[in-house]
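Listing of target.txt, compact mmCIF, C-alpha atoms
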```txt
# COMPACT_ATOMS: atom_id res chain seq x y z
CA MET A 1 178.22 -114.29 11.12
CA PRO A 2 175.64 -112.69 8.85
CA LYS A 3 174.79 -114.59 5.67
CA GLN A 4 176.14 -111.84 3.35
CA ARG A 5 179.50 -111.77 5.13
CA ARG A 6 179.74 -115.59 5.00
CA THR A 7 179.10 -115.56 1.22
CA TRP A 8 181.78 -112.92 0.71
CA TRP A 9 184.25 -114.99 2.74
CA TRP A 10 183.65 -118.09 0.58
CA ALA A 11 183.96 -116.06 -2.64
CA ALA A 12 187.25 -114.55 -1.48
CA LEU A 13 188.57 -117.98 -0.49
CA LEU A 14 187.57 -119.46 -3.85
CA MET A 15 189.32 -116.63 -5.73
CA ALA A 16 192.49 -117.08 -3.67
CA VAL A 17 192.55 -120.83 -4.34
CA LEU A 18 192.01 -120.31 -8.09
CA ALA A 19 194.71 -117.63 -8.29
CA GLY A 20 197.14 -119.90 -6.42
CA GLY A 21 196.32 -122.78 -8.76
CA PHE A 22 196.99 -120.65 -11.85
CA LEU A 23 200.29 -119.44 -10.39
CA ILE A 24 201.41 -122.99 -9.61
CA ALA A 25 200.35 -124.27 -13.05
CA GLY A 26 202.08 -121.37 -14.81
CA ALA A 27 205.28 -121.96 -12.90
CA GLY A 28 205.07 -125.69 -13.64
CA VAL A 29 204.72 -125.12 -17.38
CA GLY A 30 207.37 -122.40 -17.42
CA LEU A 31 209.88 -124.58 -15.58
CA SER A 32 208.94 -127.65 -17.67
CA PHE A 33 207.58 -129.63 -14.73
CA ILE A 34 204.21 -129.78 -16.47
CA PRO A 35 204.41 -130.66 -20.19
CA PHE A 36 202.81 -128.16 -22.54
CA PRO A 37 201.47 -129.48 -25.86
CA GLY A 38 203.37 -128.11 -28.81
CA LYS A 39 206.34 -126.91 -26.80
CA GLN A 40 209.49 -127.73 -28.71
CA GLU A 41 212.53 -128.63 -26.63
CA PHE A 42 214.90 -128.59 -29.59
CA ALA A 43 214.34 -125.34 -31.44
CA ARG A 44 216.08 -125.11 -34.80
CA PRO A 45 217.57 -121.85 -36.04
CA SER A 46 215.49 -119.77 -38.42
CA CYS A 47 215.98 -119.88 -42.18
CA GLY A 48 219.04 -117.86 -43.07
CA LYS A 49 220.92 -119.24 -40.07
CA LEU A 50 220.77 -122.92 -41.00
CA PRO A 51 223.88 -124.80 -42.16
CA SER A 52 224.38 -125.92 -45.74
CA LYS A 53 222.82 -129.14 -46.92
CA SER A 54 226.25 -130.70 -47.51
CA ALA A 55 227.32 -129.90 -43.92
CA VAL A 56 224.15 -131.50 -42.54
CA GLU A 57 224.60 -134.58 -44.76
CA GLU A 58 228.18 -134.88 -43.50
CA ALA A 59 227.04 -134.59 -39.87
CA LEU A 60 224.45 -137.32 -40.45
CA ALA A 61 227.03 -139.58 -42.12
CA ASN A 62 229.51 -139.02 -39.26
CA HIS A 63 226.91 -139.99 -36.63
CA ARG A 64 225.45 -143.20 -38.07
CA ASP A 65 225.60 -144.81 -34.60
CA LEU A 66 223.37 -142.04 -33.24
CA VAL A 67 220.93 -142.48 -36.13
CA VAL A 68 220.70 -146.21 -35.37
CA ARG A 69 220.10 -145.53 -31.65
CA LEU A 70 217.37 -143.01 -32.44
CA GLU A 71 215.59 -145.23 -34.96
CA LYS A 72 215.61 -148.12 -32.45
CA VAL A 73 213.46 -146.01 -30.11
CA GLY A 74 210.34 -147.03 -32.05
CA GLU A 75 208.87 -147.97 -35.39
CA GLY A 76 207.63 -144.42 -35.97
CA VAL A 77 211.06 -142.80 -35.67
CA ASN A 78 212.76 -141.61 -38.85
CA VAL A 79 215.96 -139.55 -39.16
CA GLU A 80 216.65 -137.65 -42.39
CA VAL A 81 218.11 -134.50 -43.91
CA ALA A 82 215.37 -131.97 -44.65
CA THR A 83 215.30 -128.58 -46.37
CA PRO A 84 212.62 -126.63 -44.45
CA CYS A 85 213.17 -123.21 -46.07
CA GLY A 86 210.94 -123.50 -49.14
CA ASP A 87 212.84 -122.61 -52.32
CA ASP A 88 216.25 -122.43 -50.61
CA THR A 89 217.32 -126.07 -50.86
CA ASN A 90 220.88 -125.35 -49.74
CA GLN A 91 219.86 -124.74 -46.10
CA ALA A 92 219.17 -127.93 -44.22
CA VAL A 93 218.40 -129.50 -40.87
CA ILE A 94 218.31 -133.02 -39.46
CA ARG A 95 214.63 -133.86 -39.11
CA ILE A 96 213.65 -136.54 -36.62
CA SER A 97 210.03 -137.56 -37.01
CA TYR A 98 208.11 -139.67 -34.51
CA LYS A 99 204.57 -140.91 -33.90
CA THR A 100 204.10 -141.29 -30.13
CA LYS A 101 204.93 -139.41 -26.96
CA ALA A 102 207.00 -142.37 -25.77
CA GLU A 103 209.11 -142.11 -28.94
CA ARG A 104 209.58 -138.36 -28.42
CA ASP A 105 210.62 -138.93 -24.81
CA GLY A 106 213.15 -141.56 -25.93
CA ILE A 107 214.53 -139.24 -28.62
CA SER A 108 214.82 -136.37 -26.15
CA SER A 109 216.64 -138.59 -23.68
CA ILE A 110 219.21 -139.68 -26.27
CA LEU A 111 219.73 -136.16 -27.65
CA ALA A 112 220.29 -134.83 -24.13
CA ASP A 113 223.46 -136.96 -23.99
CA GLN A 114 224.64 -136.96 -27.60
CA GLY A 115 224.01 -134.69 -30.58
CA PHE A 116 224.79 -134.31 -34.26
CA GLY A 117 226.63 -131.00 -33.92
CA THR A 118 224.17 -129.32 -36.28
CA ALA A 119 220.56 -128.10 -36.36
CA VAL A 120 217.89 -130.67 -35.44
CA GLU A 121 214.11 -130.47 -35.45
CA LEU A 122 211.61 -132.94 -34.03
CA VAL A 123 208.36 -133.37 -35.94
CA LYS A 124 205.33 -135.40 -34.91
CA ARG A 125 203.82 -137.37 -37.82
```
Can the structure in the file be given as structure tokens, please?
Amino acid sequence: MPKQRRTWWWAALLMAVLAGGFLIAGAGVGLSFIPFPGKQEFARPSCGKLPSKSAVEEALANHRDLVVRLEKVGEGVNVEVATPCGDDTNQAVIRISYKTKAERDGISSILADQGFGTAVELVKR
């Protein structure tokens, strides 16, 4: 084979391998096989669609066993009622803050089986 044809062949092969790698990585991230930093598994509703603060406080009070389980995941885990909508302090969410990836994984595992019945957001401290 001439040298120019051999170079073209290697370039085409390299491009095909790179394109295949990007397709596989994209599918892995899209299907959640490959974790993507910043991806939130538990998306809370936008402001204006959140429940009232009293409803969220009641949900938290009715699920004290779940709060205890979540806080036992690690020292960095904290469960509280938060008002994330600026001046509108009547709209609330249950905020679960954590410090490590292991804590987040533990929280996610528990919330996959049991929930509060209201809006939840996970926040890394």
Assuming 8 Å of padding per side, give the centre and edge lengths of the axis-aligned box around every listed atom of range 68-87 of chain A, in Å to one decimal and as AutoDock Vina command-line options.
```
--center_x 214.2 --center_y -135.4 --center_z -41.2 --size_x 29.1 --size_y 41.5 --size_z 38.2
```
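Residue nearest Asp87 in chain A within the list A:Val123, A:Cys47, A:Leu70, A:Ala102: A:Cys47 [criterion: smallest interatomic distance, all atoms listed in the file].
Using all atoms listed in the file, the nearest neighbour of Ser97 in chain A within the list A:Pro45, A:Cys85, A:Asp113, A:Val67 is A:Val67.
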Within 10 Å of (219.0, -142.8, -35.4) in the file's own coordinates, which protein, DNA or RNA residues have an atom, counting all atoms listed in the file? List them as a PyMOL selection string.
chain A and resi 60+63-73+77-80+96+107+110
With 12 Å as the threshold, what does the neighbourhood of (230.0, -133.3, -40.0) contain in terms of residues, counting all atoms listed in the file? Coordinates are those of the file; answer as a ChimeraX atom specification.
/A:51-64,94,115-119
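Distance annotation: of A:Leu23, A:Ala12, A:Val93, A:Ala112, the residue with the minimal separation from Arg44 in chain A is A:Val93; atom set is only C-alpha atoms.
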Quick one: of A:Ile24, A:Gly106, A:Glu121, A:Ala19, who's nearest to Gly74 in chain A, counting all atoms listed in the file?
A:Gly106
Just the number, please: distance in Å from CA of Tyr98 in chain A to CA of Arg125 in chain A, one decimal.
5.9 Å
re CA of Glu75 in chain A and CA of Val120 in chain A: distance 19.5 Å
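Checking A:Leu122, A:Ala82, A:Ala11, A:Val17 one by one against Lys101 in chain A, counting only C-alpha atoms, you find the shortest gap at A:Leu122.
Going from CA of Lys99 in chain A over to CA of Leu111 in chain A, you cover 17.1 Å.
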